[in-house]
Structures are given as structure tokens and as C-alpha cells.
>>> print(open('coords03.txt').read())   # compact mmCIF, C-alpha atoms and all ligand atoms
# COMPACT_ATOMS: atom_id res chain seq x y z
CA MET A 1056 -5.65 -20.28 -17.77
CA GLU A 1057 -5.72 -16.67 -18.80
CA TYR A 1058 -4.09 -14.39 -16.23
CA VAL A 1059 -4.18 -10.60 -16.18
CA ASN A 1060 -1.02 -8.75 -15.20
CA PRO A 1061 -1.78 -5.15 -14.16
CA TYR A 1062 1.88 -4.26 -14.76
CA GLU A 1063 2.01 -5.34 -18.40
CA ASN A 1064 3.53 -2.99 -20.99
CA LEU A 1065 4.67 -0.26 -18.65
CA THR A 1066 6.51 1.94 -21.11
CA ASP A 1067 6.27 5.65 -21.85
CA GLY A 1068 5.81 6.92 -18.33
CA LYS A 1069 7.34 6.93 -14.87
CA TRP A 1070 6.57 5.87 -11.31
CA MET A 1071 4.90 8.68 -9.37
CA LYS A 1072 4.58 8.95 -5.61
CA ALA A 1073 1.08 9.84 -4.44
CA ASN A 1074 -0.88 10.34 -1.22
CA PHE A 1075 -4.66 10.58 -1.52
CA HIS A 1076 -5.50 11.01 2.15
CA THR A 1077 -4.49 14.26 3.85
CA HIS A 1078 -6.20 16.58 6.30
CA ALA A 1079 -5.13 20.25 6.15
CA GLY A 1080 -6.32 23.83 6.21
CA THR A 1081 -9.37 23.46 8.47
CA GLY A 1082 -8.09 25.49 11.43
CA PRO A 1083 -6.90 24.99 15.03
CA GLY A 1084 -8.31 22.05 16.96
CA THR A 1085 -9.37 20.10 13.86
CA CYS A 1086 -7.85 17.12 12.01
CA GLY A 1087 -6.54 19.48 9.38
CA ALA A 1088 -4.94 21.98 11.76
CA ASN A 1089 -1.82 22.47 9.61
CA PRO A 1090 -2.04 25.15 6.91
CA ILE A 1091 -2.26 23.80 3.37
CA ASP A 1092 0.95 25.50 2.16
CA VAL A 1093 2.94 23.95 5.02
CA VAL A 1094 1.56 20.50 4.23
CA VAL A 1095 2.14 20.82 0.49
CA ASN A 1096 5.75 21.89 1.14
CA THR A 1097 6.25 18.93 3.47
CA TYR A 1098 5.19 16.56 0.70
CA LYS A 1099 7.39 18.33 -1.84
CA HIS A 1100 10.38 17.73 0.46
CA LEU A 1101 9.45 14.05 0.51
CA LYS A 1102 9.49 14.02 -3.33
CA TYR A 1103 5.79 13.38 -3.84
CA ASP A 1104 4.44 13.95 -7.34
CA VAL A 1105 0.75 13.87 -6.41
CA LEU A 1106 -1.19 14.99 -3.35
CA CYS A 1107 -4.86 15.13 -2.44
CA ILE A 1108 -6.19 17.15 0.51
CA SER A 1109 -9.21 15.10 1.58
CA ASN A 1110 -10.96 16.74 4.53
CA HIS A 1111 -13.94 15.24 6.35
CA ASP A 1112 -17.14 15.99 4.43
CA LEU A 1113 -15.59 19.20 3.16
CA PHE A 1114 -14.38 20.05 -0.32
CA THR A 1115 -11.12 22.01 -0.27
CA ASP A 1116 -10.03 23.70 -3.50
CA THR A 1117 -6.25 23.20 -3.73
CA SER A 1118 -5.78 23.80 -7.46
CA GLU A 1119 -3.66 26.92 -6.85
CA TYR A 1120 -0.95 24.74 -5.23
CA THR A 1121 -0.29 22.69 -8.36
CA ASP A 1122 3.08 23.57 -9.90
CA ASP A 1123 5.88 21.84 -11.81
CA ARG A 1124 6.82 19.84 -8.71
CA ILE A 1125 3.47 18.58 -7.47
CA LEU A 1126 0.03 17.85 -8.89
CA MET A 1127 -2.84 18.59 -6.51
CA ILE A 1128 -5.96 16.58 -7.13
CA PRO A 1129 -9.33 17.22 -5.50
CA GLY A 1130 -10.96 14.90 -3.00
CA VAL A 1131 -13.10 14.56 0.12
CA GLU A 1132 -13.13 11.98 2.91
CA TYR A 1133 -16.77 10.92 3.08
CA SER A 1134 -17.31 10.62 6.84
CA ARG A 1135 -21.05 10.38 7.41
CA SER A 1136 -20.63 6.76 8.45
CA GLU A 1137 -17.77 4.39 7.49
CA HIS A 1138 -15.14 6.63 5.91
CA MET A 1139 -14.15 6.49 2.26
CA LEU A 1140 -12.11 8.72 -0.02
CA THR A 1141 -13.99 10.23 -2.94
CA ILE A 1142 -11.19 11.34 -5.26
CA GLY A 1143 -11.56 13.62 -8.28
CA VAL A 1144 -14.81 15.13 -7.05
CA ASP A 1145 -15.83 18.79 -6.98
CA ARG A 1146 -17.98 18.64 -3.83
CA SER A 1147 -18.66 16.69 -0.67
CA LEU A 1148 -21.14 13.86 -1.13
CA HIS A 1149 -21.86 13.21 2.56
CA GLU A 1150 -25.59 13.82 2.14
CA SER A 1151 -25.79 10.61 0.10
CA VAL A 1152 -25.52 7.04 1.33
CA HIS A 1153 -22.28 5.18 0.49
CA GLN A 1154 -23.50 3.59 -2.76
CA THR A 1155 -24.90 6.84 -4.14
CA ALA A 1156 -21.70 8.71 -3.24
CA ILE A 1157 -19.64 6.02 -5.02
CA ASP A 1158 -21.89 6.19 -8.09
CA ILE A 1159 -21.74 9.99 -8.28
CA THR A 1160 -17.95 9.91 -7.87
CA ASN A 1161 -17.72 7.47 -10.79
CA GLU A 1162 -20.05 9.64 -12.90
CA ILE A 1163 -17.82 12.67 -12.28
CA GLY A 1164 -14.85 10.60 -13.47
CA GLY A 1165 -13.30 10.03 -10.04
CA PHE A 1166 -12.77 6.95 -7.90
CA THR A 1167 -13.48 5.79 -4.35
CA VAL A 1168 -11.27 4.07 -1.76
CA LEU A 1169 -12.60 2.57 1.49
CA CYS A 1170 -10.55 3.97 4.39
CA HIS A 1171 -8.71 2.21 7.20
CA PRO A 1172 -10.82 -1.01 7.22
CA ASN A 1173 -9.47 -2.04 10.66
CA TRP A 1174 -9.51 1.33 12.46
CA GLY A 1175 -10.40 0.83 16.15
CA ARG A 1176 -11.30 -2.82 15.65
CA LYS A 1177 -11.00 -5.61 13.12
CA GLY A 1178 -13.80 -5.01 10.67
CA TYR A 1179 -14.48 -1.28 11.06
CA TRP A 1180 -15.60 -1.89 7.50
CA SER A 1181 -17.51 -5.16 7.88
CA HIS A 1182 -17.14 -7.86 5.24
CA ASP A 1183 -20.89 -7.69 4.52
CA LYS A 1184 -20.84 -3.93 4.01
CA MET A 1185 -17.81 -4.09 1.71
CA MET A 1186 -19.42 -6.89 -0.31
CA SER A 1187 -22.74 -5.03 -0.54
CA LEU A 1188 -21.20 -1.95 -2.18
CA GLN A 1189 -20.30 -1.83 -5.87
CA GLY A 1190 -18.03 0.34 -7.96
CA TYR A 1191 -15.34 1.39 -5.51
CA LYS A 1192 -11.78 1.10 -6.71
CA GLY A 1193 -10.10 -0.30 -3.64
CA ILE A 1194 -9.35 -0.18 0.04
CA GLU A 1195 -6.54 1.27 2.13
CA VAL A 1196 -4.44 -1.84 2.68
CA LEU A 1197 -2.03 0.45 4.52
CA ASN A 1198 -2.88 3.53 6.60
CA MET A 1199 -0.07 4.24 9.04
CA LEU A 1200 -1.99 6.89 11.02
CA ILE A 1201 -4.05 4.11 12.57
CA TYR A 1202 -0.96 2.88 14.45
CA ARG A 1203 -1.08 5.99 16.66
CA LEU A 1204 -4.89 5.83 17.06
CA SER A 1205 -6.19 2.30 17.62
CA GLY A 1206 -6.79 -0.96 15.78
CA SER A 1207 -4.62 -1.93 12.81
CA GLY A 1208 -3.39 0.18 9.90
CA LEU A 1209 -3.02 -2.98 7.84
CA ALA A 1210 -6.01 -4.47 6.02
CA ALA A 1211 -4.53 -7.33 4.00
CA ASP A 1212 -7.15 -9.57 5.63
CA ALA A 1213 -10.02 -7.47 4.24
CA TRP A 1214 -8.29 -7.28 0.87
CA ASP A 1215 -7.84 -11.06 0.58
CA TYR A 1216 -11.44 -11.56 1.71
CA LEU A 1217 -12.73 -9.36 -1.12
CA LEU A 1218 -10.38 -10.85 -3.72
CA SER A 1219 -11.23 -14.39 -2.62
CA ASN A 1220 -14.91 -13.56 -3.09
CA GLY A 1221 -14.34 -12.48 -6.68
CA ARG A 1222 -14.13 -8.72 -6.18
CA LEU A 1223 -11.41 -6.93 -8.13
CA VAL A 1224 -10.35 -4.21 -5.70
CA TYR A 1225 -6.93 -2.65 -5.40
CA GLY A 1226 -4.75 -2.00 -2.37
CA PHE A 1227 -3.90 1.63 -1.66
CA GLY A 1228 -1.40 3.10 0.81
CA ASN A 1229 -2.17 6.48 2.34
CA ASP A 1230 -0.84 8.61 5.18
CA ASP A 1231 -4.17 9.91 6.50
CA PHE A 1232 -2.03 12.92 7.42
CA HIS A 1233 -3.11 14.82 10.54
CA ALA A 1234 0.22 15.99 11.99
CA ILE A 1235 3.62 16.61 10.39
CA PRO A 1236 5.17 13.30 11.61
CA ASP A 1237 2.42 11.42 9.72
CA ALA A 1238 3.89 12.45 6.36
CA GLY A 1239 5.57 9.96 4.06
CA ARG A 1240 4.84 6.75 5.93
CA SER A 1241 2.46 5.03 3.50
CA PHE A 1242 1.96 5.96 -0.13
CA ASN A 1243 1.10 4.83 -3.64
CA VAL A 1244 3.60 4.42 -6.46
CA ILE A 1245 1.73 4.80 -9.75
CA PHE A 1246 3.11 4.26 -13.25
CA ALA A 1247 1.62 7.08 -15.32
CA LYS A 1248 2.30 8.78 -18.65
CA GLU A 1249 2.22 12.28 -17.21
CA PRO A 1250 1.29 14.07 -13.99
CA SER A 1251 -2.39 14.64 -14.80
CA PHE A 1252 -5.51 13.32 -13.11
CA ARG A 1253 -6.60 11.69 -16.34
CA ALA A 1254 -3.34 9.75 -16.75
CA LEU A 1255 -3.27 8.72 -13.08
CA LYS A 1256 -6.88 7.54 -13.21
CA GLU A 1257 -6.13 5.48 -16.31
CA SER A 1258 -3.25 3.74 -14.48
CA ILE A 1259 -5.29 3.21 -11.32
CA ASP A 1260 -8.13 1.68 -13.37
CA LYS A 1261 -5.62 -0.85 -14.73
CA GLY A 1262 -4.04 -1.47 -11.32
CA SER A 1263 -0.62 -0.23 -12.48
CA PHE A 1264 0.41 0.90 -9.02
CA CYS A 1265 1.58 -0.39 -5.65
CA ALA A 1266 0.94 0.50 -2.02
CA SER A 1267 4.16 1.11 -0.12
CA SER A 1268 5.77 1.98 3.17
CA GLY A 1269 9.16 2.66 1.61
CA LEU A 1270 9.89 0.48 -1.44
CA TYR A 1271 9.32 1.00 -5.16
CA PRO A 1272 8.51 -1.60 -7.79
CA GLU A 1273 11.23 -2.41 -10.31
CA TYR A 1274 9.05 -4.78 -12.33
CA LEU A 1275 6.41 -7.49 -12.26
CA HIS A 1276 6.55 -9.64 -15.40
CA LEU A 1277 4.20 -12.46 -16.31
CA GLU A 1278 5.20 -14.89 -19.05
CA ASP A 1279 4.09 -18.49 -19.55
CA ASN A 1280 2.27 -18.30 -16.20
CA ILE A 1281 5.51 -17.41 -14.39
CA ILE A 1282 5.62 -14.25 -12.26
CA ARG A 1283 8.98 -12.51 -11.98
CA VAL A 1284 9.00 -9.61 -9.58
CA LYS A 1285 11.55 -7.19 -8.22
CA ALA A 1286 11.45 -4.32 -5.74
CA ARG A 1287 13.95 -1.55 -5.07
CA TYR A 1288 14.57 1.33 -2.74
CA PRO A 1289 13.53 4.77 -4.06
CA ILE A 1290 17.17 5.87 -4.08
CA ALA A 1291 20.18 4.32 -5.81
CA THR A 1292 21.77 1.87 -3.36
CA TYR A 1293 23.79 -1.35 -3.33
CA VAL A 1294 20.97 -3.06 -1.41
CA ASP A 1295 19.41 -5.34 -4.02
CA GLU A 1296 17.94 -8.30 -2.13
CA PHE A 1297 14.44 -8.43 -0.74
CA THR A 1298 12.01 -10.90 0.76
CA TYR A 1299 9.13 -11.80 -1.58
CA ARG A 1300 5.87 -13.26 -0.29
CA PHE A 1301 3.40 -14.80 -2.73
CA ILE A 1302 -0.14 -14.76 -1.37
CA SER A 1303 -3.39 -16.19 -2.69
CA GLU A 1304 -6.96 -16.96 -1.72
CA ASN A 1305 -7.94 -16.23 1.88
CA GLY A 1306 -4.46 -14.89 2.58
CA LYS A 1307 -2.71 -18.22 2.07
CA VAL A 1308 1.05 -17.72 1.81
CA LEU A 1309 2.15 -19.83 -1.17
CA ASP A 1310 5.86 -19.14 -0.97
CA VAL A 1311 8.44 -16.90 0.70
CA GLN A 1312 11.73 -16.19 -1.04
CA PHE A 1313 14.76 -14.02 -0.44
CA GLY A 1314 16.97 -12.78 -3.25
CA LYS A 1315 17.44 -10.41 -6.17
CA GLU A 1316 14.11 -11.45 -7.73
CA GLY A 1317 10.98 -13.33 -6.74
CA VAL A 1318 9.74 -16.10 -9.06
CA TYR A 1319 6.45 -17.97 -8.87
CA ASN A 1320 4.88 -20.48 -11.25
CA LEU A 1321 1.10 -20.06 -11.36
CA THR A 1322 -0.79 -23.34 -11.15
CA GLY A 1323 -4.47 -22.39 -11.30
CA GLU A 1324 -4.75 -19.94 -8.39
CA LYS A 1325 -7.63 -17.51 -8.78
CA TYR A 1326 -5.25 -14.70 -7.93
CA VAL A 1327 -1.73 -14.25 -6.61
CA ARG A 1328 -0.44 -11.03 -5.12
CA VAL A 1329 3.11 -10.22 -4.08
CA GLU A 1330 4.42 -8.45 -1.01
CA ALA A 1331 8.06 -7.35 -0.99
CA ILE A 1332 9.85 -6.59 2.27
CA GLY A 1333 13.08 -4.61 2.58
CA GLU A 1334 15.94 -5.09 5.04
CA ASN A 1335 14.50 -2.31 7.23
CA GLY A 1336 10.99 -3.76 7.21
CA ALA A 1337 9.69 -1.42 4.48
CA MET A 1338 6.80 -3.02 2.57
CA LEU A 1339 5.56 -3.03 -1.01
CA TYR A 1340 2.13 -4.41 -1.95
CA PHE A 1341 1.68 -5.30 -5.62
CA GLN A 1342 -1.83 -5.54 -7.07
CA PRO A 1343 -2.98 -9.08 -7.81
CA VAL A 1344 -2.27 -11.07 -10.94
CA PHE A 1345 -5.62 -12.77 -11.52
CA GLN A 1346 -7.82 -14.96 -13.67
CA GLU A 1347 -10.11 -12.70 -15.63
CA SER A 1348 -13.00 -15.14 -15.36
CA PHE A 1349 -12.84 -14.96 -11.58
CA LEU A 1350 -12.20 -11.37 -10.50
CA LYS A 1351 -14.64 -8.69 -11.60
ZN ZN B 1 -11.06 8.40 8.31
ZN ZN B 2 -8.74 10.80 7.32
>>> encode(input="coords03.txt", output="C-alpha cells")
Amino acid sequence: MEYVNPYENLTDGKWMKANFHTHAGTGPGTCGANPIDVVVNTYKHLKYDVLCISNHDLFTDTSEYTDDRILMIPGVEYSRSEHMLTIGVDRSLHESVHQTAIDITNEIGGFTVLCHPNWGRKGYWSHDKMMSLQGYKGIEVLNMLIYRLSGSGLAADAWDYLLSNGRLVYGFGNDDFHAIPDAGRSFNVIFAKEPSFRALKESIDKGSFCASSGLYPEYLHLEDNIIRVKARYPIATYVDEFTYRFISENGKVLDVQFGKEGVYNLTGEKYVRVEAIGENGAMLYFQPVFQESFLK
């Protein structure tokens, strides 16, 4: 069996903290009521390296806020019907249907993420709709805003459904920032060569990132069909033991371990993904290790 490890050969770069889903600068009474400079400063305090202001069907030029502390990348939350983030675009694509907007985003060199799949109800994004679309990069497996709206901010069920049906899609973690207390609750940790859109996109295409609510990856190695995985807190601390959950097709939990490292011997699973859990309940979602012949 030939397995693909999205975390192979991670040298010459560093882990960068990124949020792709933020509403700001659209004025009083709207989702983005906070001024952009206030929001950018909030994320700088939280040590983010990358931020995208993604307003509803509205392109917001934030390039002037990029400096040596934070990289601003352009994006729009397509909101004509089921929401999705179109990242790296130079305009809103809400006049197009989902598939056309995804295709145009890819042509521009960007990528698309389906938003909050369980907002309001299980299956805000229906399985059929997600399966009918092609070319999006992933889904928000974690969107903490939803926990103060309605439904569930977790979409591991939708993720495992897509993976189990042969679709290679990645799990993203985003704040969906509306108000200041929304900041820093779910994010992406991306291993990239440099803080540039090009480098980040390259890493995202390979799946060299995790979705998180407070943990960072230390490593995920794959050798002789054995996964070795380790998480850590973002800061230096003596806390070095975590819970590791190994999950496969249709969300089946293959093993749960507690210790300094998680170890799992692959025995023909189509994919296996790892969730790490910290002592305070903080989560880390690794992208799947998978059989190339199965996931496309
Ligand atoms: Zn939305
Ligand atoms: Zn939003």
C-alpha cells in the first residue's frame, strides 16, 4: 500500500498561524462592524502571521495592512447561497453559481473553503451538494463562531463523509470573526517557506497544515506504514502529554492513546487522520494520511 503523508519533508520553513475568515470594516450594524485596523491589531496581539478579511459578497482591499508582522491576503465570503470562502481573489464572485465561483477562484490562483457545514442544522451544506461540487480545497472542520449562533461549529462528520467517498478535501479552522471575543478561537497552522501567498498556497495544496483550537503540530512522520505523531502547545511548557485519536472511514475511531507521542500501524485503511487533544480540551486536526489510489 502506498500512503501519502502531507507532512513529509517539512524543512526550510516554519509553522504560521492563519485565519481566513474575518468580517471587518463594513460599518455599524453589519457583520464587519469593527474597523479593519482594530481587527488587524487584535490578530497581531494573538501572534497571527496571516489574516484574510473575507466580507460577505464584498471584496475588501487590505494590502496596506501587510507589514513585517502580518501578511494580509485577499478574500471574499461567497454568500449568495451556501457560504464559502474564496481566498486569493481580486473581486466578489457572488454573481456566479458555486461551481463557477470555485473554478474562477482556481483560475486566479486562489482556493475555496466551504464554510460552517453544520451552521443552524446538521447539513447546512448537504452531502449531495458537497459531492456535486469539484475543485474546492476543503471545508471548515472548525468554526467557533457557530457556537454562539446555532447548530455545530464542528464538521468532522461532513469531512469524514467526503473522505470516505474518495474526495481529498482538507480541514480548515477559522474564527469567522464578527466581534472582538471571536478572535483566536479556531485557526490554521501552516508550514510554509515564507510569509507569501504563493508559499502558503503551495503548502495548503499539499495539506501541510492543521486546523486548531489551541495546539500546534510538532510532527507527523510516516515510515513503514507506521504513523508517529506529536502535538504541542504554542508556547514552551512542561506539558508534553496529549490524547491522540486515530480516525478512519465514516468517522470510525481506530484507537485512542494518551502519552508523549501517538503511534498507529496502518493496515490497509483508505485514510487515517489524527486528532490531538490537550489537557484543557484544545484540539488539533491533522490532515489525512491516505492511499493515493483512493483519495482524489
Ligand atoms: Zn458564513
Ligand atoms: Zn462569515
>>> residues_around(input="coords03.txt", residues="segment 1149-1155 of chain A", least_positions_apart="4", cutoff="10 Å", atoms="only C-alpha atoms", output="PyMOL selection string")
chain A and resi 1111-1113+1131-1139+1159-1161+1184+1187-1191
>>> residues_around(input="coords03.txt", residues="segment 1116-1123 of chain A", least_positions_apart="2", cutoff="9 Å", atoms="all atoms listed in the file", output="VMD selection string")
chain A and resid 1091 to 1092 1095 1107 to 1108 1114 1125 to 1130 1145
>>> residues_near_ligand(input="coords03.txt", ligand="ligand ZN 2 (chain B)", cutoff="10 Å", atoms="all atoms listed in the file", output="JSON, numbers by chain")
{"A": [1075, 1076, 1077, 1078, 1086, 1087, 1108, 1109, 1110, 1111, 1131, 1132, 1133, 1134, 1138, 1139, 1140, 1170, 1171, 1198, 1200, 1201, 1229, 1230, 1231, 1232, 1233]}
>>> residues_near_point(input="coords03.txt", point="(9.8, -3.6, -12.7)", cutoff="9 Å", atoms="all atoms listed in the file", output="JSON, numbers by chain")
{"A": [1062, 1065, 1271, 1272, 1273, 1274, 1275, 1276, 1283, 1284, 1285, 1286, 1287]}
>>> closest_residue(input="coords03.txt", among="A:Gly1208, A:Gly1193, A:Gly1314, A:Pro1289", to="ligand ZN 1 (chain B)", atoms="only C-alpha atoms and all ligand atoms")
A:Gly1208
>>> closest_residue(input="coords03.txt", among="A:Lys1192, A:Lys1248, A:Arg1176, A:Arg1240", to="Gly1262 of chain A", atoms="all atoms listed in the file")
A:Lys1192
>>> atom_distance(input="coords03.txt", atom1="atom CA of Ile1163 of chain A", atom2="atom CA of Asp1183 of chain A")
26.6 Å
>>> atom_distance(input="coords03.txt", atom1="atom CA of Asn1074 of chain A", atom2="atom CA of Glu1257 of chain A")
16.7 Å
>>> closest_residue(input="coords03.txt", among="A:Met1199, A:Arg1124, A:Glu1278, A:Val1329", to="His1100 of chain A", atoms="only C-alpha atoms")
A:Arg1124
>>> atom_distance(input="coords03.txt", atom1="atom CA of Val1105 of chain A", atom2="atom CA of Val1196 of chain A")
18.9 Å
>>> closest_residue(input="coords03.txt", among="A:Asn1064, A:Leu1106, A:Trp1174, A:Ala1088", to="ligand ZN 1 (chain B)", atoms="all atoms listed in the file")
A:Trp1174
>>> closest_residue(input="coords03.txt", among="A:Ala1234, A:Ile1281, A:Ala1247, A:Ala1337", to="Thr1085 of chain A", atoms="all atoms listed in the file")
A:Ala1234
